[in-house]
$ cat work_21.cif   # mmCIF, C-alpha atoms
data_structure
loop_
_atom_site.label_atom_id
_atom_site.label_comp_id
_atom_site.auth_asym_id
_atom_site.auth_seq_id
_atom_site.Cartn_x
_atom_site.Cartn_y
_atom_site.Cartn_z
CA SER A 184 32.84 93.55 -85.88
CA PRO A 185 32.49 89.91 -84.78
CA ALA A 186 34.79 90.68 -81.83
CA PHE A 187 32.33 93.18 -80.33
CA LEU A 188 29.83 90.68 -78.92
CA ASN A 189 32.61 88.54 -77.45
CA VAL A 190 31.98 88.13 -73.71
CA ASN A 191 35.49 89.20 -72.79
CA ASN A 192 35.16 92.33 -74.91
CA LEU A 193 31.83 93.28 -73.33
CA ILE A 194 33.25 92.78 -69.83
CA ASN A 195 36.24 94.91 -70.82
CA VAL A 196 33.92 97.70 -72.00
CA VAL A 197 32.08 97.79 -68.68
CA ARG A 198 35.36 97.68 -66.75
CA GLN A 199 36.72 100.63 -68.74
CA ILE A 200 33.62 102.77 -68.15
CA SER A 201 33.41 101.91 -64.45
CA PHE A 202 35.99 104.59 -63.58
CA ILE A 203 34.27 107.36 -65.56
CA GLY A 204 30.88 106.09 -64.46
CA ILE A 205 31.65 106.52 -60.77
CA VAL A 206 32.86 110.09 -61.33
CA ALA A 207 29.79 110.78 -63.47
CA MET A 208 27.45 109.80 -60.60
CA GLY A 209 28.77 112.66 -58.49
CA MET A 210 28.76 114.95 -61.51
CA THR A 211 25.09 114.14 -62.05
CA MET A 212 24.16 115.33 -58.57
CA VAL A 213 26.15 118.53 -59.02
CA ILE A 214 24.57 119.26 -62.40
CA ILE A 215 21.07 118.62 -61.03
CA THR A 216 21.66 121.59 -58.71
CA THR A 217 22.62 123.66 -61.82
CA GLY A 218 26.28 123.45 -60.82
CA ILE A 219 29.34 122.03 -62.56
CA ASP A 220 32.52 120.40 -61.30
CA LEU A 221 35.72 120.77 -63.31
CA SER A 222 38.03 119.27 -60.69
CA PRO A 223 37.51 115.43 -60.68
CA GLY A 224 40.40 114.70 -63.05
CA SER A 225 42.90 116.66 -60.95
CA VAL A 226 41.50 115.25 -57.70
CA ILE A 227 42.02 111.76 -59.14
CA ALA A 228 45.68 112.59 -59.79
CA LEU A 229 46.18 113.98 -56.27
CA VAL A 230 44.52 110.93 -54.70
CA SER A 231 46.62 108.67 -56.94
CA VAL A 232 50.06 109.92 -55.92
CA ILE A 233 49.31 110.32 -52.21
CA ALA A 234 47.50 106.98 -51.83
CA ALA A 235 50.27 105.21 -53.80
CA SER A 236 52.90 106.50 -51.39
CA TYR A 237 51.07 104.69 -48.56
CA ALA A 238 50.40 101.49 -50.52
CA HIS A 239 53.90 99.97 -50.61
CA PRO A 240 54.17 96.30 -49.58
CA GLY A 241 54.57 95.70 -45.85
CA GLU A 242 54.39 99.36 -44.77
CA TYR A 243 50.74 100.10 -43.96
CA PRO A 244 47.51 98.08 -43.79
CA LEU A 245 45.30 98.29 -46.89
CA PHE A 246 42.72 100.52 -45.21
CA VAL A 247 45.30 103.32 -44.74
CA PRO A 248 45.78 104.26 -48.44
CA LEU A 249 42.07 103.63 -49.07
CA ALA A 250 41.00 105.91 -46.21
CA ILE A 251 43.53 108.58 -47.21
CA GLY A 252 42.41 108.53 -50.84
CA MET A 253 38.72 108.82 -50.02
CA ALA A 254 39.40 111.51 -47.39
CA ILE A 255 41.37 113.61 -49.91
CA GLY A 256 38.59 113.32 -52.47
CA ALA A 257 35.91 114.24 -49.94
CA ALA A 258 38.01 117.15 -48.63
CA ALA A 259 38.47 118.53 -52.14
CA GLY A 260 34.73 118.29 -52.73
CA PHE A 261 34.00 119.95 -49.40
CA ILE A 262 36.27 122.86 -50.30
CA ASN A 263 34.55 123.19 -53.70
CA GLY A 264 31.15 123.22 -52.06
CA ALA A 265 32.11 125.62 -49.29
CA ILE A 266 33.69 128.12 -51.69
CA SER A 267 30.69 127.93 -54.00
CA ALA A 268 27.92 127.95 -51.37
CA LYS A 269 29.36 130.14 -48.64
CA GLY A 270 31.59 132.31 -50.79
CA LYS A 271 28.84 132.79 -53.38
CA ILE A 272 31.33 132.04 -56.14
CA PRO A 273 29.99 130.27 -59.26
CA PRO A 274 30.82 126.53 -59.17
CA PHE A 275 32.58 126.86 -62.52
CA ILE A 276 35.17 129.22 -61.01
CA ALA A 277 35.46 127.44 -57.65
CA THR A 278 36.09 124.05 -59.26
CA LEU A 279 38.35 125.55 -61.92
CA GLY A 280 40.58 126.75 -59.09
CA MET A 281 40.54 123.29 -57.50
CA MET A 282 41.33 121.70 -60.87
CA THR A 283 44.47 123.80 -61.20
CA ALA A 284 45.57 123.58 -57.57
CA ALA A 285 45.03 119.82 -57.20
CA ARG A 286 46.99 119.07 -60.36
CA GLY A 287 49.80 121.29 -59.16
CA LEU A 288 49.80 119.60 -55.73
CA SER A 289 49.98 116.16 -57.35
CA LEU A 290 53.01 117.22 -59.39
CA LEU A 291 54.63 118.84 -56.36
CA TYR A 292 54.03 115.81 -54.11
CA SER A 293 55.40 113.31 -56.63
CA ASP A 294 58.06 115.59 -58.09
CA GLY A 295 56.41 114.92 -61.44
CA ARG A 296 57.29 111.21 -61.35
CA PRO A 297 55.10 108.10 -60.99
CA ILE A 298 55.06 106.31 -57.63
CA GLY A 299 55.23 102.52 -58.05
CA ASN A 300 55.90 99.40 -55.97
CA LEU A 301 52.30 98.93 -54.82
CA SER A 302 51.12 96.00 -52.72
CA GLU A 303 49.18 93.13 -54.29
CA SER A 304 46.22 93.73 -51.99
CA PHE A 305 45.97 97.33 -53.16
CA MET A 306 46.29 96.44 -56.85
CA PHE A 307 43.44 93.93 -56.46
CA ILE A 308 41.05 96.92 -56.36
CA GLY A 309 41.81 97.67 -60.00
CA LYS A 310 42.89 94.29 -61.36
CA GLY A 311 41.22 91.63 -59.24
CA THR A 312 38.17 89.54 -60.06
CA VAL A 313 35.41 88.01 -57.93
CA THR A 314 33.80 84.91 -59.46
CA GLY A 315 35.10 86.05 -62.82
CA ILE A 316 33.73 89.59 -62.55
CA PRO A 317 36.36 92.37 -62.47
CA PHE A 318 36.37 94.11 -59.09
CA PRO A 319 36.02 97.63 -60.63
CA ILE A 320 32.69 96.56 -62.15
CA LEU A 321 31.44 95.41 -58.75
CA ILE A 322 32.45 98.75 -57.18
CA PHE A 323 30.72 100.57 -60.07
CA ILE A 324 27.49 98.63 -59.49
CA VAL A 325 27.58 99.06 -55.70
CA MET A 326 28.24 102.80 -55.92
CA GLY A 327 25.52 103.08 -58.54
CA ILE A 328 23.00 101.43 -56.22
CA ILE A 329 24.05 103.59 -53.26
CA SER A 330 23.94 106.79 -55.32
CA HIS A 331 20.56 105.87 -56.82
CA ILE A 332 19.07 105.23 -53.37
CA MET A 333 20.48 108.53 -52.10
CA LEU A 334 19.02 110.45 -55.02
CA SER A 335 15.65 108.72 -55.36
CA GLN A 336 14.72 107.54 -51.87
CA MET A 337 16.35 109.84 -49.33
CA ARG A 338 15.86 113.43 -48.20
CA PHE A 339 19.28 114.18 -49.67
CA GLY A 340 17.93 113.46 -53.16
CA LYS A 341 14.64 115.29 -52.69
CA TYR A 342 16.50 118.40 -51.58
CA THR A 343 18.96 118.04 -54.46
CA TYR A 344 16.12 118.13 -56.99
CA ALA A 345 14.41 120.97 -55.12
CA ILE A 346 17.56 123.10 -55.21
CA GLY A 347 18.00 122.45 -58.92
CA GLY A 348 14.35 123.10 -59.71
CA ASN A 349 14.17 126.46 -57.96
CA GLU A 350 16.83 127.41 -55.44
CA GLN A 351 14.96 130.46 -54.15
CA ALA A 352 11.80 128.45 -53.58
CA ALA A 353 13.87 125.80 -51.79
CA ARG A 354 15.22 128.45 -49.41
CA ILE A 355 11.71 129.77 -48.74
CA CYS A 356 10.58 126.22 -47.93
CA GLY A 357 13.28 126.03 -45.25
CA ILE A 358 15.74 123.77 -47.05
CA PRO A 359 19.31 124.50 -45.87
CA VAL A 360 20.53 125.04 -49.42
CA ASP A 361 24.14 125.92 -48.62
CA ARG A 362 24.58 122.88 -46.38
CA TYR A 363 23.20 120.51 -49.00
CA LYS A 364 25.30 122.04 -51.77
CA ILE A 365 28.38 121.37 -49.67
CA MET A 366 27.20 117.81 -49.03
CA ILE A 367 26.62 117.22 -52.74
CA PHE A 368 30.07 118.48 -53.72
CA THR A 369 31.64 116.47 -50.89
CA TYR A 370 29.98 113.29 -52.13
CA ALA A 371 31.10 114.05 -55.69
CA GLY A 372 34.65 114.49 -54.39
CA LEU A 373 34.41 111.20 -52.49
CA LEU A 374 33.41 109.41 -55.69
CA ALA A 375 36.35 111.01 -57.52
CA GLY A 376 38.61 109.74 -54.73
CA ILE A 377 37.25 106.20 -55.13
CA ALA A 378 37.81 106.38 -58.89
CA GLY A 379 41.36 107.63 -58.26
CA LEU A 380 42.10 104.64 -56.02
CA MET A 381 40.70 102.23 -58.62
CA LEU A 382 42.69 103.79 -61.47
CA THR A 383 45.90 103.80 -59.43
CA ALA A 384 45.45 100.12 -58.63
CA ARG A 385 44.62 99.43 -62.27
CA ILE A 386 47.84 100.92 -63.67
CA SER A 387 49.95 99.81 -60.64
CA ALA A 388 51.33 103.29 -59.97
CA GLY A 389 50.44 106.72 -58.69
CA GLN A 390 50.52 109.08 -61.67
CA PRO A 391 50.43 112.89 -61.39
CA SER A 392 49.06 112.99 -64.95
CA LEU A 393 46.19 110.62 -64.19
CA GLY A 394 42.58 111.66 -64.79
CA LEU A 395 43.17 114.12 -67.65
CA MET A 396 39.83 115.07 -69.26
CA TYR A 397 37.88 112.82 -66.90
CA GLU A 398 35.64 115.69 -65.85
CA LEU A 399 34.58 116.23 -69.47
CA ASP A 400 33.82 112.54 -70.00
CA ALA A 401 31.85 112.54 -66.73
CA ILE A 402 29.82 115.56 -67.88
CA ALA A 403 29.25 113.83 -71.22
CA ALA A 404 28.02 110.63 -69.53
CA ALA A 405 25.61 112.61 -67.35
CA VAL A 406 24.25 114.71 -70.23
CA ILE A 407 23.90 111.75 -72.61
CA GLY A 408 22.15 109.91 -69.77
CA GLY A 409 19.45 112.58 -69.58
CA THR A 410 20.74 114.99 -66.92
CA SER A 411 19.67 118.54 -67.76
CA LEU A 412 22.25 121.30 -67.61
CA ASN A 413 19.37 123.58 -66.62
CA GLY A 414 19.10 121.65 -63.36
CA GLY A 415 16.38 119.68 -61.61
CA ILE A 416 16.47 116.66 -63.93
CA GLY A 417 18.72 113.60 -63.88
CA THR A 418 19.00 110.02 -62.64
CA ILE A 419 21.85 107.72 -61.68
CA PRO A 420 20.66 104.81 -63.90
CA GLY A 421 20.50 107.24 -66.83
CA THR A 422 24.06 108.37 -66.15
CA MET A 423 25.27 104.76 -65.93
CA ILE A 424 23.66 104.12 -69.32
CA GLY A 425 25.26 107.32 -70.64
CA ALA A 426 28.69 106.09 -69.50
CA LEU A 427 27.97 102.74 -71.15
CA ILE A 428 27.04 104.46 -74.42
CA ILE A 429 30.37 106.30 -74.39
CA GLY A 430 32.21 103.05 -73.63
CA VAL A 431 30.44 101.13 -76.40
CA LEU A 432 31.08 103.99 -78.83
CA ASN A 433 34.80 104.10 -78.01
CA ASN A 434 35.14 100.32 -78.16
CA GLY A 435 33.22 100.02 -81.41
CA LEU A 436 35.28 102.72 -83.09
CA ASP A 437 38.48 101.04 -81.87
CA LEU A 438 37.38 97.71 -83.32
CA MET A 439 36.63 99.45 -86.62
CA ASN A 440 40.11 101.02 -86.55
CA VAL A 441 38.69 104.54 -86.61
CA SER A 442 41.31 107.19 -85.86
CA SER A 443 41.36 108.51 -82.28
CA TYR A 444 41.07 112.00 -83.76
CA TRP A 445 37.76 111.14 -85.38
CA GLN A 446 36.63 109.50 -82.14
CA GLN A 447 37.05 112.81 -80.31
CA ILE A 448 35.10 114.63 -83.01
CA LEU A 449 32.24 112.11 -82.88
CA LYS A 450 32.10 112.20 -79.08
CA GLY A 451 31.93 115.99 -79.15
CA ALA A 452 29.14 115.89 -81.73
CA ILE A 453 27.13 113.45 -79.59
CA ILE A 454 27.48 115.67 -76.52
CA VAL A 455 26.30 118.74 -78.44
CA ALA A 456 23.39 116.78 -79.93
CA ALA A 457 22.35 115.58 -76.46
CA VAL A 458 22.37 119.16 -75.11
CA LEU A 459 20.38 120.42 -78.12
CA LEU A 460 17.76 117.71 -77.59
CA ASP A 461 17.56 118.60 -73.91
CA SER A 462 17.19 122.28 -74.75
CA ARG A 463 14.37 121.64 -77.24
CA LYS A 464 12.59 119.36 -74.77
CA ASN A 465 12.71 122.08 -72.10
CA LYS A 466 11.33 124.69 -74.52
CA LYS A 467 8.39 122.44 -75.36
CA ALA A 468 7.77 121.83 -71.65
#
$ encode --input "work_21.cif" --output "structure tokens"
Amino acid sequence: SPAFLNVNNLINVVRQISFIGIVAMGMTMVIITTGIDLSPGSVIALVSVIAASYAHPGEYPLFVPLAIGMAIGAAAGFINGAISAKGKIPPFIATLGMMTAARGLSLLYSDGRPIGNLSESFMFIGKGTVTGIPFPILIFIVMGIISHIMLSQMRFGKYTYAIGGNEQAARICGIPVDRYKIMIFTYAGLLAGIAGLMLTARISAGQPSLGLMYELDAIAAAVIGGTSLNGGIGTIPGTMIGALIIGVLNNGLDLMNVSSYWQQILKGAIIVAAVLLDSRKNKKA
């Protein structure tokens, strides 16, 4: 399609994947430790409705809804991590519970209705531009750099890989595994909170239905970007590229007028193919 290489279209693709991409960064860290997080979509919805209720014009300074949104995301992640690490409950079950509870809380808080009338300063987070670059893209890049440094240059990252490579060996080496698992889930929750704020600002309303299926797209971006579901392998740049591949695929299929039903089928096939390739690579290793 001649419209694909249009500058505005390419910028739009990156803007659309910035929300999923930020969630996928946290998902990558969780998966590296052989965990999984099913709650980001519901956490996004909870952050959306609560932050929106504090973002009305003239009521509170901008930092109030931003701080509340990030705190809710981090708190949800902390609870996931604590239940999984201290309660010795598989992350799949712990985050499944959070997924259900957070969605229910968002519906309860908003009475099932969207919360609108947001301030211009808040909506800038999702709609604004800086020197022609959409603000969500800038946040995506900044969080990507921060997450990459954390994972590749800091003790946090070294311990994350160690836990995913061999948790028992990590414990024997003196790594406080439970503490770092909680930290990893907390950071993943924080990133989900940031994505929730961005999406709320983008659509100009707090929506209790926001974030549906985001956790699956985040897992897909991480896996396509080279993160191994067996743990111990994964990078933030790879995940960002994985998110971009999904965005380009969706955009290209839209421009070709391919049915959304077929798009879901193709995306599922790509995810399965990526996991099969990863599995074969691990067997050879």
$ atom_distance --input "work_21.cif" --atom1 "CA of Arg198 in chain A" --atom2 "CA of Ala285 in chain A"
26.0 Å
$ closest_atom_pairs --input "work_21.cif" --of "range 343-430 of chain A" --to "range 226-248 of chain A" --cutoff "10 Å" --atoms "only C-alpha atoms" --output "JSON lines"
{"residue": "A:Gly372", "atom": "CA", "partner": "A:Val226", "partner_atom": "CA", "distance": 7.6}
{"residue": "A:Leu373", "atom": "CA", "partner": "A:Val226", "partner_atom": "CA", "distance": 9.7}
{"residue": "A:Leu374", "atom": "CA", "partner": "A:Ile227", "partner_atom": "CA", "distance": 9.6}
{"residue": "A:Ala375", "atom": "CA", "partner": "A:Ile227", "partner_atom": "CA", "distance": 5.9}
{"residue": "A:Gly376", "atom": "CA", "partner": "A:Ile227", "partner_atom": "CA", "distance": 5.9}
{"residue": "A:Ile377", "atom": "CA", "partner": "A:Ile227", "partner_atom": "CA", "distance": 8.4}
{"residue": "A:Ala378", "atom": "CA", "partner": "A:Ile227", "partner_atom": "CA", "distance": 6.8}
{"residue": "A:Gly379", "atom": "CA", "partner": "A:Ile227", "partner_atom": "CA", "distance": 4.3}
{"residue": "A:Leu380", "atom": "CA", "partner": "A:Ser231", "partner_atom": "CA", "distance": 6.1}
{"residue": "A:Met381", "atom": "CA", "partner": "A:Ser231", "partner_atom": "CA", "distance": 8.9}
{"residue": "A:Leu382", "atom": "CA", "partner": "A:Ser231", "partner_atom": "CA", "distance": 7.7}
{"residue": "A:Thr383", "atom": "CA", "partner": "A:Ser231", "partner_atom": "CA", "distance": 5.5}
{"residue": "A:Ala384", "atom": "CA", "partner": "A:Ala235", "partner_atom": "CA", "distance": 8.5}
{"residue": "A:Ser387", "atom": "CA", "partner": "A:Ala235", "partner_atom": "CA", "distance": 8.7}
{"residue": "A:Ala388", "atom": "CA", "partner": "A:Ala235", "partner_atom": "CA", "distance": 6.5}
{"residue": "A:Gly389", "atom": "CA", "partner": "A:Val232", "partner_atom": "CA", "distance": 4.2}
{"residue": "A:Gln390", "atom": "CA", "partner": "A:Val232", "partner_atom": "CA", "distance": 5.8}
{"residue": "A:Pro391", "atom": "CA", "partner": "A:Ala228", "partner_atom": "CA", "distance": 5.0}
{"residue": "A:Ser392", "atom": "CA", "partner": "A:Ala228", "partner_atom": "CA", "distance": 6.2}
{"residue": "A:Leu393", "atom": "CA", "partner": "A:Ala228", "partner_atom": "CA", "distance": 4.8}
{"residue": "A:Gly394", "atom": "CA", "partner": "A:Ile227", "partner_atom": "CA", "distance": 5.7}
{"residue": "A:Leu395", "atom": "CA", "partner": "A:Ala228", "partner_atom": "CA", "distance": 8.4}
{"residue": "A:Tyr397", "atom": "CA", "partner": "A:Ile227", "partner_atom": "CA", "distance": 8.9}
$ closest_atom_pairs --input "work_21.cif" --of "range 247-322 of chain A" --to "range 352-368 of chain A" --cutoff "6 Å" --atoms "all atoms listed in the file" --output "tab-separated table"
residue	atom	partner	partner_atom	distance
A:Gly260	CA	A:Phe368	CA	4.8
A:Phe261	CA	A:Ile365	CA	5.8
A:Gly264	CA	A:Ile365	CA	4.1
A:Ala265	CA	A:Ile365	CA	5.7
A:Ala268	CA	A:Asp361	CA	5.1
$ write_last_selection --input "work_21.cif" --atoms "C-alpha atoms" --output "PDB file, in the frame of the given file"
ATOM      1  CA  GLY A 260      34.730 118.290 -52.730  1.00  0.00           C
ATOM      2  CA  PHE A 261      34.000 119.950 -49.400  1.00  0.00           C
ATOM      3  CA  GLY A 264      31.150 123.220 -52.060  1.00  0.00           C
ATOM      4  CA  ALA A 265      32.110 125.620 -49.290  1.00  0.00           C
ATOM      5  CA  ALA A 268      27.920 127.950 -51.370  1.00  0.00           C
TER       6      ALA A 268
END
$ resolve_selection --input "work_21.cif" --expression "the PyMOL selection byres ((chain A and resi 315-327) around 9)" --output "PDB file with C-alpha atoms, in the frame of the given file"
ATOM      1  CA  ILE A 194      33.250  92.780 -69.830  1.00  0.00           C
ATOM      2  CA  ASN A 195      36.240  94.910 -70.820  1.00  0.00           C
ATOM      3  CA  VAL A 197      32.080  97.790 -68.680  1.00  0.00           C
ATOM      4  CA  ARG A 198      35.360  97.680 -66.750  1.00  0.00           C
ATOM      5  CA  GLN A 199      36.720 100.630 -68.740  1.00  0.00           C
ATOM      6  CA  ILE A 200      33.620 102.770 -68.150  1.00  0.00           C
ATOM      7  CA  SER A 201      33.410 101.910 -64.450  1.00  0.00           C
ATOM      8  CA  PHE A 202      35.990 104.590 -63.580  1.00  0.00           C
ATOM      9  CA  GLY A 204      30.880 106.090 -64.460  1.00  0.00           C
ATOM     10  CA  ILE A 205      31.650 106.520 -60.770  1.00  0.00           C
ATOM     11  CA  MET A 208      27.450 109.800 -60.600  1.00  0.00           C
ATOM     12  CA  PHE A 307      43.440  93.930 -56.460  1.00  0.00           C
ATOM     13  CA  ILE A 308      41.050  96.920 -56.360  1.00  0.00           C
ATOM     14  CA  GLY A 309      41.810  97.670 -60.000  1.00  0.00           C
ATOM     15  CA  LYS A 310      42.890  94.290 -61.360  1.00  0.00           C
ATOM     16  CA  GLY A 311      41.220  91.630 -59.240  1.00  0.00           C
ATOM     17  CA  THR A 312      38.170  89.540 -60.060  1.00  0.00           C
ATOM     18  CA  VAL A 313      35.410  88.010 -57.930  1.00  0.00           C
ATOM     19  CA  THR A 314      33.800  84.910 -59.460  1.00  0.00           C
ATOM     20  CA  ILE A 328      23.000 101.430 -56.220  1.00  0.00           C
ATOM     21  CA  ILE A 329      24.050 103.590 -53.260  1.00  0.00           C
ATOM     22  CA  SER A 330      23.940 106.790 -55.320  1.00  0.00           C
ATOM     23  CA  HIS A 331      20.560 105.870 -56.820  1.00  0.00           C
ATOM     24  CA  ILE A 332      19.070 105.230 -53.370  1.00  0.00           C
ATOM     25  CA  LEU A 374      33.410 109.410 -55.690  1.00  0.00           C
ATOM     26  CA  MET A 381      40.700 102.230 -58.620  1.00  0.00           C
ATOM     27  CA  ARG A 385      44.620  99.430 -62.270  1.00  0.00           C
ATOM     28  CA  ILE A 419      21.850 107.720 -61.680  1.00  0.00           C
ATOM     29  CA  PRO A 420      20.660 104.810 -63.900  1.00  0.00           C
ATOM     30  CA  MET A 423      25.270 104.760 -65.930  1.00  0.00           C
TER      31      MET A 423
END
$ residues_near_point --input "work_21.cif" --point "(19.1, 119.6, -69.1)" --cutoff "7 Å" --atoms "all atoms listed in the file" --output "PyMOL selection string"
chain A and resi 410-414+416+458+461-462
$ atom_distance --input "work_21.cif" --atom1 "CA of Phe187 in chain A" --atom2 "CA of Ser443 in chain A"
17.9 Å
$ closest_residue --input "work_21.cif" --among "A:Ile276, A:Leu188, A:Ile346, A:Ile407" --to "Leu438 in chain A" --atoms "all atoms listed in the file"
A:Leu188
$ atom_distance --input "work_21.cif" --atom1 "CA of Ile402 in chain A" --atom2 "CA of Asn191 in chain A"
27.4 Å
$ closest_residue --input "work_21.cif" --among "A:Thr217, A:Leu427, A:Ile251, A:Gly287" --to "Pro273 in chain A" --atoms "all atoms listed in the file"
A:Thr217
$ residues_around --input "work_21.cif" --residues "Thr422 in chain A" --least-positions-apart "6" --cutoff "6 Å" --atoms "only C-alpha atoms" --output "PyMOL selection string"
chain A and resi 404-405+408
$ closest_residue --input "work_21.cif" --among "A:Val441, A:Met210, A:Ile215, A:Val190" --to "Gly417 in chain A" --atoms "all atoms listed in the file"
A:Ile215
